[in-house]
Amino acid sequence: MEVIRLDNVSLWRRTQEEFSYDLKKTLLSVVEGKYRQPAKKLVLNNIELVVEKGEKIGIIGANGSGKSTLLKIISGILQPTTGTVRVRGQVAPLIELGAGFDAEISVMDNILLYGVLLGFSRAEMKARARSILEFAELEDYALVPVKGLSSGMVARLGFSIATDIQPDILILDEVLSVGDESFKNKCKQRMDNFWSEKTTVLVVSHSMDFIQQSCDKAIWLSKGNIKLIGKGQDVVQYYMESVN
């Protein structure tokens with residue numbers, strides 16, 4: 001059964017230079033007659049993609065190739081400039097460190113908030129909170145504002161919530177590289193459970209061994225274009241040959 005479909009999806013985004021171009025400079029350039037339209041960059045170009053239920057798909061490519069942006073489009077964090085995105089099922093994205101958390105409120109409140117945003121009731125999330133805190137090793141930090149946590153703690157919290165709720169679609173961006181060796185082993189064990197279940201998983205990873213060993217399929221992105229889709233081992237082989 002088809003759970004994700006992207007048809008002719010493209011995304012243009014403003015460049016970093018344009019973001020840093022402040023209002024004062026903009027007004028001055030208008031007065032002087034030197035104003036120019038903000039520069040934009042084509043980040044994703046005419047993406048066609050279908051993902052079936054239960055598939056485990058690795059996404060590879062050089063930095064800046066559009067991997068994280070593709071995950072954000074599928075998660076609904078970004079809207080495409082053109083094209084359509086269809087997603088069937090509950091999605092749990094773990095894309096950016098701390099994304100979706102409110103730094104000013106407590107860890108416990110963030111657990112409840114995150115769950116409600118994903119469609120769970122407060123009662124359901126309260127029932128899950130203990131196991132989430134235990135896995136993240138944050139039992140003593142339940143009432144601490146998220147801004148008081150280290151980056152590693154925030155990463156553990158995000159991973160723990162996203163994987164505890166057992167979504168239909170799990171979207172991961174390099175999260176297995178965060179934390180100490182002990183926590184990485186815990187993450188791997190939990191991920192193994194997802195691999196044996198019907199959960200659909202999309203994962204961005206720079207670990208070619210992981211893609212080859214764990215993913216049914218791989219997508220190679222290059223400058224916003226899908227260069228190749230196929231079996232994980234085959235795509236990694238072509239990618240490594242191009243890099244070397």
# chains A, B, ... in the order shown; residues from 1 in each chain; ligands from 1

call {"tool": "select_by_dssp", "arguments": {"residues": "segment 1-235 of chain A", "states": "strand (DSSP E or B)", "output": "PyMOL selection string"}}
result
chain A and resi 2-14+40-52+56-60+82-87+91-94+106+145+169-173+200-204+217-222+225-231

call {"tool": "residues_around", "arguments": {"residues": "Ile171 of chain A", "least_positions_apart": "5", "cutoff": "8 Å", "atoms": "only C-alpha atoms", "output": "JSON, numbers by chain"}}
result
{"A": [71, 75, 91, 92, 93, 94, 95, 201, 202, 203]}

call {"tool": "closest_residue", "arguments": {"among": "A:Ile226, A:Ser214, A:Val204, A:Ile169", "to": "Lys188 of chain A", "atoms": "only C-alpha atoms"}}
result
A:Ser214

call {"tool": "atom_distance", "arguments": {"atom1": "atom CA of Gly89 of chain A", "atom2": "atom CA of Leu228 of chain A"}}
result
26.0 Å

call {"tool": "select_by_dssp", "arguments": {"residues": "segment 39-212 of chain A", "states": "alpha helix (DSSP H)", "output": "ChimeraX atom specification"}}
result
/A:67-75,107-117,122-136,151-164,181-195,208-212

call {"tool": "residues_around", "arguments": {"residues": "Asp168 of chain A", "least_positions_apart": "4", "cutoff": "12 Å", "atoms": "only C-alpha atoms", "output": "list of chain:residue names"}}
result
A:Val3, A:Ile4, A:Glu52, A:Lys53, A:Gly54, A:Glu55, A:Val87, A:Arg88, A:Gly89, A:Gln90, A:Val91, A:Ala92, A:Pro93, A:Leu118, A:Ala162, A:Thr163, A:Asp164, A:Phe194, A:Glu197, A:Lys198, A:Thr199, A:Thr200, A:Val201, A:Leu202

call {"tool": "atom_distance", "arguments": {"atom1": "atom CA of Val50 of chain A", "atom2": "atom CA of Gln79 of chain A"}}
result
17.6 Å

call {"tool": "residues_around", "arguments": {"residues": "segment 99-110 of chain A", "least_positions_apart": "4", "cutoff": "6 Å", "atoms": "only C-alpha atoms", "output": "list in words"}}
result
Tyr114, Ala142, Leu143, Val144, Pro145, Val146 and Lys147 of chain A

call {"tool": "residues_around", "arguments": {"residues": "Thr81 of chain A", "least_positions_apart": "4", "cutoff": "7 Å", "atoms": "only C-alpha atoms", "output": "list in words"}}
result
Ser10, Leu11 and Trp12 of chain A

call {"tool": "atom_distance", "arguments": {"atom1": "atom CA of Arg14 of chain A", "atom2": "atom CA of Lys41 of chain A"}}
result
6.2 Å

call {"tool": "closest_residue", "arguments": {"among": "A:Asp234, A:Asp192, A:Asp180, A:Asp216", "to": "Gly58 of chain A", "atoms": "only C-alpha atoms"}}
result
A:Asp216

call {"tool": "closest_residue", "arguments": {"among": "A:Leu42, A:Met125, A:Leu117, A:Leu49", "to": "Val85 of chain A", "atoms": "only C-alpha atoms"}}
result
A:Leu49

call {"tool": "residues_around", "arguments": {"residues": "Thr69 of chain A", "least_positions_apart": "4", "cutoff": "8 Å", "atoms": "only C-alpha atoms", "output": "number ranges by chain"}}
result
A: 43-44, 73, 78

call {"tool": "write_last_selection", "arguments": {"atoms": "C-alpha atoms", "output": "mmCIF file, in the first residue's frame"}}
result
data_model
loop_
_atom_site.group_PDB
_atom_site.id
_atom_site.type_symbol
_atom_site.label_atom_id
_atom_site.label_comp_id
_atom_site.auth_asym_id
_atom_site.auth_seq_id
_atom_site.Cartn_x
_atom_site.Cartn_y
_atom_site.Cartn_z
ATOM 1 C CA VAL A 43 16.607 23.248 -3.483
ATOM 2 C CA LEU A 44 14.443 20.402 -4.835
ATOM 3 C CA ILE A 73 8.625 18.378 2.766
ATOM 4 C CA LEU A 78 7.951 22.859 4.560
#
